[in-house]
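Pasting protein31.cif here (mmCIF, C-alpha atoms and all ligand atoms):
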```
data_data
loop_
_atom_site.label_atom_id
_atom_site.label_comp_id
_atom_site.auth_asym_id
_atom_site.auth_seq_id
_atom_site.Cartn_x
_atom_site.Cartn_y
_atom_site.Cartn_z
CA MET A 1 20.49 -35.79 101.23
CA THR A 2 17.48 -33.53 101.38
CA ARG A 3 15.70 -33.54 104.70
CA SER A 4 12.33 -34.34 103.13
CA SER A 5 10.31 -36.94 104.94
CA PRO A 6 6.63 -37.72 105.33
CA GLU A 7 6.72 -36.62 108.98
CA VAL A 8 7.88 -33.05 108.35
CA GLU A 9 5.50 -30.23 109.02
CA ARG A 10 4.14 -28.58 105.90
CA PRO A 11 1.84 -25.75 106.87
CA GLY A 12 1.65 -24.55 103.26
CA ALA A 13 2.71 -21.20 101.89
CA GLN A 14 -0.52 -19.25 102.31
CA ARG A 15 0.42 -17.48 105.53
CA TRP A 16 3.52 -15.99 103.87
CA VAL A 17 1.72 -14.71 100.76
CA PRO A 18 1.01 -10.95 100.95
CA ALA A 19 -2.69 -10.14 101.23
CA GLU A 20 -2.36 -7.63 98.42
CA PRO A 21 0.20 -9.17 96.14
CA THR A 22 2.35 -7.32 93.66
CA LEU A 23 5.36 -8.83 91.92
CA PRO A 24 7.88 -6.94 94.10
CA ALA A 25 5.95 -7.95 97.25
CA LEU A 26 5.93 -11.61 96.18
CA HIS A 27 9.66 -11.51 95.46
CA GLU A 28 10.34 -10.19 98.91
CA ALA A 29 7.90 -12.36 100.83
CA VAL A 30 8.83 -15.70 99.28
CA HIS A 31 12.23 -15.62 100.98
CA ASP A 32 10.57 -15.97 104.37
CA CYS A 33 8.39 -18.91 103.34
CA ARG A 34 8.51 -21.96 105.56
CA GLY A 35 5.51 -23.64 103.97
CA CYS A 36 7.40 -26.89 103.54
CA GLU A 37 10.85 -28.18 104.34
CA LEU A 38 12.49 -27.37 101.00
CA TYR A 39 13.73 -23.96 102.18
CA ARG A 40 16.19 -25.67 104.51
CA ASP A 41 18.61 -27.01 101.93
CA ALA A 42 18.08 -24.66 99.00
CA THR A 43 20.14 -21.50 98.60
CA GLN A 44 17.12 -19.26 98.13
CA ALA A 45 13.55 -19.17 96.87
CA VAL A 46 13.13 -18.40 93.18
CA MET A 47 10.04 -16.41 92.24
CA GLY A 48 8.90 -16.03 88.64
CA ARG A 49 10.24 -13.47 86.18
CA GLY A 50 8.48 -11.32 83.64
CA PRO A 51 6.14 -8.38 83.39
CA ALA A 52 2.84 -8.09 85.27
CA GLY A 53 0.25 -8.18 82.51
CA ALA A 54 2.20 -10.64 80.35
CA GLY A 55 -0.16 -12.39 77.95
CA LEU A 56 1.52 -15.74 78.40
CA MET A 57 2.59 -17.46 81.61
CA LEU A 58 4.84 -20.51 81.50
CA VAL A 59 4.97 -22.80 84.52
CA GLY A 60 7.78 -25.30 85.02
CA GLU A 61 8.60 -27.62 87.89
CA GLN A 62 11.13 -26.09 90.27
CA PRO A 63 14.39 -24.12 90.11
CA GLY A 64 17.40 -26.14 89.01
CA ASP A 65 20.92 -26.02 90.40
CA ARG A 66 21.86 -22.82 88.57
CA GLU A 67 18.51 -21.13 89.20
CA ASP A 68 18.91 -21.90 92.90
CA ARG A 69 22.33 -20.24 92.98
CA GLU A 70 21.37 -17.24 90.86
CA GLY A 71 17.84 -16.70 92.20
CA GLU A 72 16.30 -16.51 88.72
CA PRO A 73 14.06 -19.03 86.96
CA PHE A 74 15.06 -20.67 83.68
CA VAL A 75 18.62 -19.38 83.50
CA GLY A 76 20.24 -22.82 83.13
CA PRO A 77 20.47 -25.09 80.08
CA ALA A 78 16.72 -25.82 80.02
CA GLY A 79 16.05 -22.09 80.19
CA ARG A 80 18.19 -21.55 77.11
CA VAL A 81 16.17 -24.18 75.23
CA LEU A 82 12.97 -22.47 76.32
CA SER A 83 14.14 -19.00 75.24
CA GLU A 84 15.21 -20.35 71.87
CA ALA A 85 11.89 -22.15 71.40
CA LEU A 86 9.94 -19.01 72.34
CA ALA A 87 12.00 -16.90 69.97
CA ALA A 88 11.27 -19.45 67.21
CA THR A 89 7.58 -18.69 67.62
CA GLY A 90 8.26 -14.97 67.18
CA VAL A 91 7.63 -14.18 70.84
CA ASP A 92 10.07 -12.03 72.82
CA PRO A 93 11.00 -14.24 75.81
CA GLU A 94 11.29 -11.11 77.96
CA GLN A 95 7.57 -10.43 77.46
CA VAL A 96 6.57 -13.83 78.83
CA TYR A 97 6.14 -14.55 82.55
CA VAL A 98 8.06 -17.68 83.52
CA THR A 99 7.78 -19.39 86.87
CA ASN A 100 7.72 -22.77 88.58
CA ALA A 101 5.15 -24.77 90.51
CA VAL A 102 7.63 -25.02 93.41
CA LYS A 103 9.89 -22.15 94.42
CA HIS A 104 12.73 -23.96 96.19
CA PHE A 105 15.17 -26.46 94.64
CA ARG A 106 14.76 -30.06 95.75
CA PHE A 107 17.86 -32.17 95.26
CA GLN A 108 20.01 -34.98 96.59
CA TRP A 109 23.73 -34.83 97.11
CA LYS A 110 25.71 -37.32 95.03
CA GLY A 111 29.29 -36.73 96.07
CA LYS A 112 29.81 -33.02 95.54
CA ARG A 113 26.99 -32.68 93.02
CA ARG A 114 23.42 -31.66 93.72
CA ILE A 115 21.14 -33.88 91.68
CA HIS A 116 17.64 -32.70 90.87
CA GLU A 117 14.82 -34.56 92.58
CA SER A 118 11.23 -33.84 91.61
CA PRO A 119 9.14 -32.28 94.37
CA ASP A 120 6.55 -34.60 95.85
CA ARG A 121 2.80 -34.00 95.93
CA GLY A 122 2.83 -32.50 99.38
CA GLN A 123 5.54 -30.00 98.47
CA VAL A 124 3.72 -29.01 95.27
CA ALA A 125 0.49 -28.52 97.22
CA ALA A 126 2.27 -26.53 99.94
CA CYS A 127 3.74 -24.16 97.36
CA ALA A 128 0.55 -23.69 95.31
CA PRO A 129 -0.46 -20.36 96.98
CA TRP A 130 2.57 -18.65 95.40
CA LEU A 131 1.49 -19.67 91.91
CA ALA A 132 -2.07 -18.56 92.65
CA ALA A 133 -0.73 -15.16 93.74
CA GLU A 134 1.38 -14.84 90.59
CA LEU A 135 -1.70 -15.61 88.51
CA GLU A 136 -3.65 -12.98 90.38
CA VAL A 137 -1.01 -10.33 89.65
CA VAL A 138 -0.06 -11.27 86.10
CA ARG A 139 -3.56 -12.25 84.88
CA PRO A 140 -2.28 -14.00 81.77
CA SER A 141 -4.44 -14.74 78.76
CA GLY A 142 -3.08 -18.27 78.66
CA VAL A 143 -0.89 -20.62 80.71
CA VAL A 144 1.56 -23.18 79.32
CA LEU A 145 2.42 -26.04 81.66
CA LEU A 146 5.95 -27.32 81.11
CA GLY A 147 6.08 -30.96 82.11
CA GLY A 148 4.40 -33.36 84.48
CA THR A 149 4.95 -31.63 87.81
CA ALA A 150 3.34 -28.39 86.64
CA GLY A 151 0.50 -30.43 85.16
CA LYS A 152 -0.04 -32.39 88.36
CA ALA A 153 -0.04 -29.15 90.35
CA LEU A 154 -3.22 -28.17 88.51
CA TYR A 155 -4.86 -31.38 87.33
CA GLY A 156 -3.85 -33.80 90.09
CA PRO A 157 -1.69 -36.91 90.28
CA GLY A 158 -3.35 -38.61 87.32
CA PHE A 159 -2.10 -35.95 84.90
CA ARG A 160 0.06 -37.21 82.01
CA VAL A 161 1.64 -34.72 79.60
CA GLY A 162 1.17 -37.01 76.61
CA ALA A 163 -2.60 -37.18 77.03
CA THR A 164 -3.27 -33.50 76.35
CA ARG A 165 -0.04 -31.90 75.17
CA GLY A 166 -0.38 -29.19 72.58
CA THR A 167 -4.12 -28.79 73.14
CA LEU A 168 -6.06 -26.07 74.92
CA GLN A 169 -7.56 -27.18 78.22
CA GLU A 170 -9.99 -25.56 80.62
CA TRP A 171 -8.67 -24.23 83.90
CA PRO A 172 -9.39 -26.98 86.49
CA GLU A 173 -12.39 -26.24 88.70
CA ALA A 174 -10.61 -27.81 91.65
CA VAL A 175 -8.01 -25.00 91.64
CA PRO A 176 -9.69 -21.77 92.69
CA VAL A 177 -7.98 -18.56 91.55
CA ALA A 178 -9.26 -15.00 91.53
CA LEU A 179 -9.47 -14.95 87.75
CA ALA A 180 -8.98 -18.24 85.92
CA PRO A 181 -6.97 -17.95 82.69
CA PRO A 182 -9.10 -18.72 79.60
CA TRP A 183 -6.99 -21.74 78.69
CA VAL A 184 -4.10 -23.96 79.72
CA LEU A 185 -1.81 -25.78 77.32
CA PRO A 186 0.37 -28.64 78.54
CA THR A 187 3.65 -29.49 76.85
CA VAL A 188 6.99 -31.04 77.75
CA HIS A 189 9.54 -29.41 80.02
CA PRO A 190 12.51 -28.06 78.05
CA ALA A 191 14.76 -30.27 80.20
CA ALA A 192 13.07 -33.24 78.49
CA VAL A 193 14.36 -31.89 75.17
CA LEU A 194 17.89 -31.95 76.58
CA ARG A 195 17.41 -35.50 77.87
CA ALA A 196 16.17 -36.79 74.50
CA ARG A 197 19.63 -37.85 73.35
CA ASP A 198 18.52 -39.71 70.21
CA GLY A 199 15.68 -37.50 69.14
CA ARG A 200 16.59 -34.08 70.46
CA GLU A 201 15.70 -32.27 67.26
CA ALA A 202 12.25 -33.87 67.10
CA ALA A 203 11.68 -33.14 70.80
CA TYR A 204 12.66 -29.51 70.28
CA ASP A 205 10.41 -29.21 67.22
CA GLY A 206 7.55 -30.64 69.27
CA LEU A 207 8.07 -28.03 71.98
CA VAL A 208 8.15 -25.21 69.41
CA SER A 209 5.01 -26.56 67.75
CA ASP A 210 3.14 -26.61 71.08
CA LEU A 211 4.31 -23.09 71.90
CA ARG A 212 3.12 -21.94 68.47
CA THR A 213 -0.32 -23.29 69.30
CA ALA A 214 -0.28 -21.26 72.52
CA VAL A 215 0.86 -18.10 70.74
CA SER A 216 -1.89 -18.53 68.11
CA ALA A 217 -4.47 -18.95 70.86
CA LEU A 218 -3.32 -15.64 72.35
CA SER A 219 -4.01 -13.80 69.11
CA ASP A 220 -7.29 -15.66 68.46
CA ARG A 221 -8.96 -14.46 71.68
S1 LIG A 301 9.00 -24.83 98.29
FE1 LIG A 301 7.32 -23.33 98.32
S2 LIG A 301 6.10 -23.86 100.15
FE2 LIG A 301 8.08 -24.87 100.34
S3 LIG A 301 9.29 -23.39 101.57
FE3 LIG A 301 9.69 -23.01 99.39
S4 LIG A 301 8.32 -21.38 98.81
FE4 LIG A 301 7.55 -22.24 100.72
#
```

Show the structure stored in the file as structure tokens.
Ligand code: SF4
Amino acid sequence: MTRSSPEVERPGAQRWVPAEPTLPALHEAVHDCRGCELYRDATQAVMGRGPAGAGLMLVGEQPGDREDREGEPFVGPAGRVLSEALAATGVDPEQVYVTNAVKHFRFQWKGKRRIHESPDRGQVAACAPWLAAELEVVRPSGVVLLGGTAGKALYGPGFRVGATRGTLQEWPEAVPVALAPPWVLPTVHPAAVLRARDGREAAYDGLVSDLRTAVSALSDR
């Protein structure tokens, strides 16, 4: 069991975020974060990966089991789907900055297995300062939100991927950042492609199509 409960103290991550962030400083500082209770059960915090100055930033939900053990985002099965989909658009996955809305893995034990559990609203809100700092350092020309949790982190609990997927959205006014990216494009999380047992090919094609829209927007502006 995770030790998440409504009573736990969640001071939020801000006090652990370096005042003058750089990617190396963020990588170092995130390991001390006690902004919510998720650090207790996870192996380690997982900061984003990619070059500062990347044109495109992709934001997922949280590290998975393998990411938690390896300390790298998107290295598990969903990460492979994402890399393949990016490569299909002609983009070098290594030139894209990939991260998650929440930096520690939330899970439940089922026997000896750790089963993914989506972070709750309070945990997403507590972790938001890390994403804001990554945005400040990377300053992407566009942000792709992978799935509902990333979408809710920016647009609130009413966000539904299906309502706006594949279309360019304005950065939400309610989320102040030093320099708002010119656009945000929601799409599905690559894990949803893996879960689509009957229509995996169509789900994958949909993800590639949405990423193509994002890549075109990069070259249009
Ligand atoms: S999930 Fe985010 S806010 Fe919570 S402890 Fe980890 S880094 Fe800090």

Exercise. When the cut-off is 7 Å and you count all atoms listed in the file, which residues lie near ligand LIG 301 (chain A), shown as a VMD selection string?
Worked result: chain A and resid 12 to 13 30 33 to 39 45 102 to 104 123 126 to 127

Problem set entry | Residue contacts of Gly142 of chain A (12 Å, all atoms listed in the file) excluding same-chain residues fewer than 4 positions away, as a PyMOL selection string | chain A and resi 53-59+96-97+135+138+167-171+179-186+211+213-221

Saved selection, atoms kept: C-alpha atoms, as a tab-separated table (two decimals), keeping the file's coordinate frame:
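Final output, again_16.tsv:
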```tsv
chain	number	residue	atom	x	y	z
A	53	GLY	CA	0.25	-8.18	82.51
A	54	ALA	CA	2.20	-10.64	80.35
A	55	GLY	CA	-0.16	-12.39	77.95
A	56	LEU	CA	1.52	-15.74	78.40
A	57	MET	CA	2.59	-17.46	81.61
A	58	LEU	CA	4.84	-20.51	81.50
A	59	VAL	CA	4.97	-22.80	84.52
A	96	VAL	CA	6.57	-13.83	78.83
A	97	TYR	CA	6.14	-14.55	82.55
A	135	LEU	CA	-1.70	-15.61	88.51
A	138	VAL	CA	-0.06	-11.27	86.10
A	167	THR	CA	-4.12	-28.79	73.14
A	168	LEU	CA	-6.06	-26.07	74.92
A	169	GLN	CA	-7.56	-27.18	78.22
A	170	GLU	CA	-9.99	-25.56	80.62
A	171	TRP	CA	-8.67	-24.23	83.90
A	179	LEU	CA	-9.47	-14.95	87.75
A	180	ALA	CA	-8.98	-18.24	85.92
A	181	PRO	CA	-6.97	-17.95	82.69
A	182	PRO	CA	-9.10	-18.72	79.60
A	183	TRP	CA	-6.99	-21.74	78.69
A	184	VAL	CA	-4.10	-23.96	79.72
A	185	LEU	CA	-1.81	-25.78	77.32
A	186	PRO	CA	0.37	-28.64	78.54
A	211	LEU	CA	4.31	-23.09	71.90
A	213	THR	CA	-0.32	-23.29	69.30
A	214	ALA	CA	-0.28	-21.26	72.52
A	215	VAL	CA	0.86	-18.10	70.74
A	216	SER	CA	-1.89	-18.53	68.11
A	217	ALA	CA	-4.47	-18.95	70.86
A	218	LEU	CA	-3.32	-15.64	72.35
A	219	SER	CA	-4.01	-13.80	69.11
A	220	ASP	CA	-7.29	-15.66	68.46
A	221	ARG	CA	-8.96	-14.46	71.68
```

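Minimum distance to Thr99 of chain A across A:Ser141, A:Ala78, A:Glu201, A:Arg49 (counting only C-alpha atoms) occurs at A:Arg49.
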
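You can rank A:Gly162, A:Gly122, A:Gly79, A:Pro172 by their closest distance to Val98 of chain A using only C-alpha atoms, and at the top of that list sits A:Gly79.
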
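Take atom CA of Ala133 of chain A and atom CA of Arg165 of chain A: the distance between them is 25.0 Å.
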
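The space separating atom CA of Val143 of chain A from atom CA of Ala25 of chain A comes to 21.9 Å.
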
Taking every listed atom of segment 49-54 of chain A and adding 6 Å to each side, what centre and edge lengths in Å (one decimal) does the axis-aligned box have, as lines of an AutoDock Vina configuration file?
```
center_x = 5.2
center_y = -10.8
center_z = 83.3
size_x = 22.0
size_y = 17.4
size_z = 17.8
```

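The closest residue to Pro18 of chain A, picked from A:Leu154, A:Gly111, A:Gly148, A:Ala132 and counting only C-alpha atoms, is A:Ala132.
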
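If you look at atom CA of Arg66 of chain A and atom CA of Asn100 of chain A, they are 14.1 Å away from each other.
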
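The point (7.3, -28.5, 82.2) has these residues within 8 Å of it when all atoms listed in the file are used: A:Val59, A:Gly60, A:Glu61, A:Leu145, A:Leu146, A:Gly147, A:Gly148, A:Thr149, A:Ala150, A:Gly151, A:Pro186, A:Thr187, A:Val188, A:His189, A:Pro190, A:Ala191.
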
Mind checking which residues fall within 9 Å of Val193 of chain A, counting only C-alpha atoms, ignoring those fewer than 6 positions away in the same chain, and posting them as a tab-separated table (two decimals) with C-alpha atoms, keeping the file's coordinate frame?
```
chain	number	residue	atom	x	y	z
A	78	ALA	CA	16.72	-25.82	80.02
A	81	VAL	CA	16.17	-24.18	75.23
A	199	GLY	CA	15.68	-37.50	69.14
A	200	ARG	CA	16.59	-34.08	70.46
A	201	GLU	CA	15.70	-32.27	67.26
A	202	ALA	CA	12.25	-33.87	67.10
A	203	ALA	CA	11.68	-33.14	70.80
A	204	TYR	CA	12.66	-29.51	70.28
A	207	LEU	CA	8.07	-28.03	71.98
```

Seminar exercise, completed: Using only C-alpha atoms, the best pick from A:Ala196, A:Met47, A:Ala163, A:Ala42 as closest to Trp130 of chain A would be A:Met47
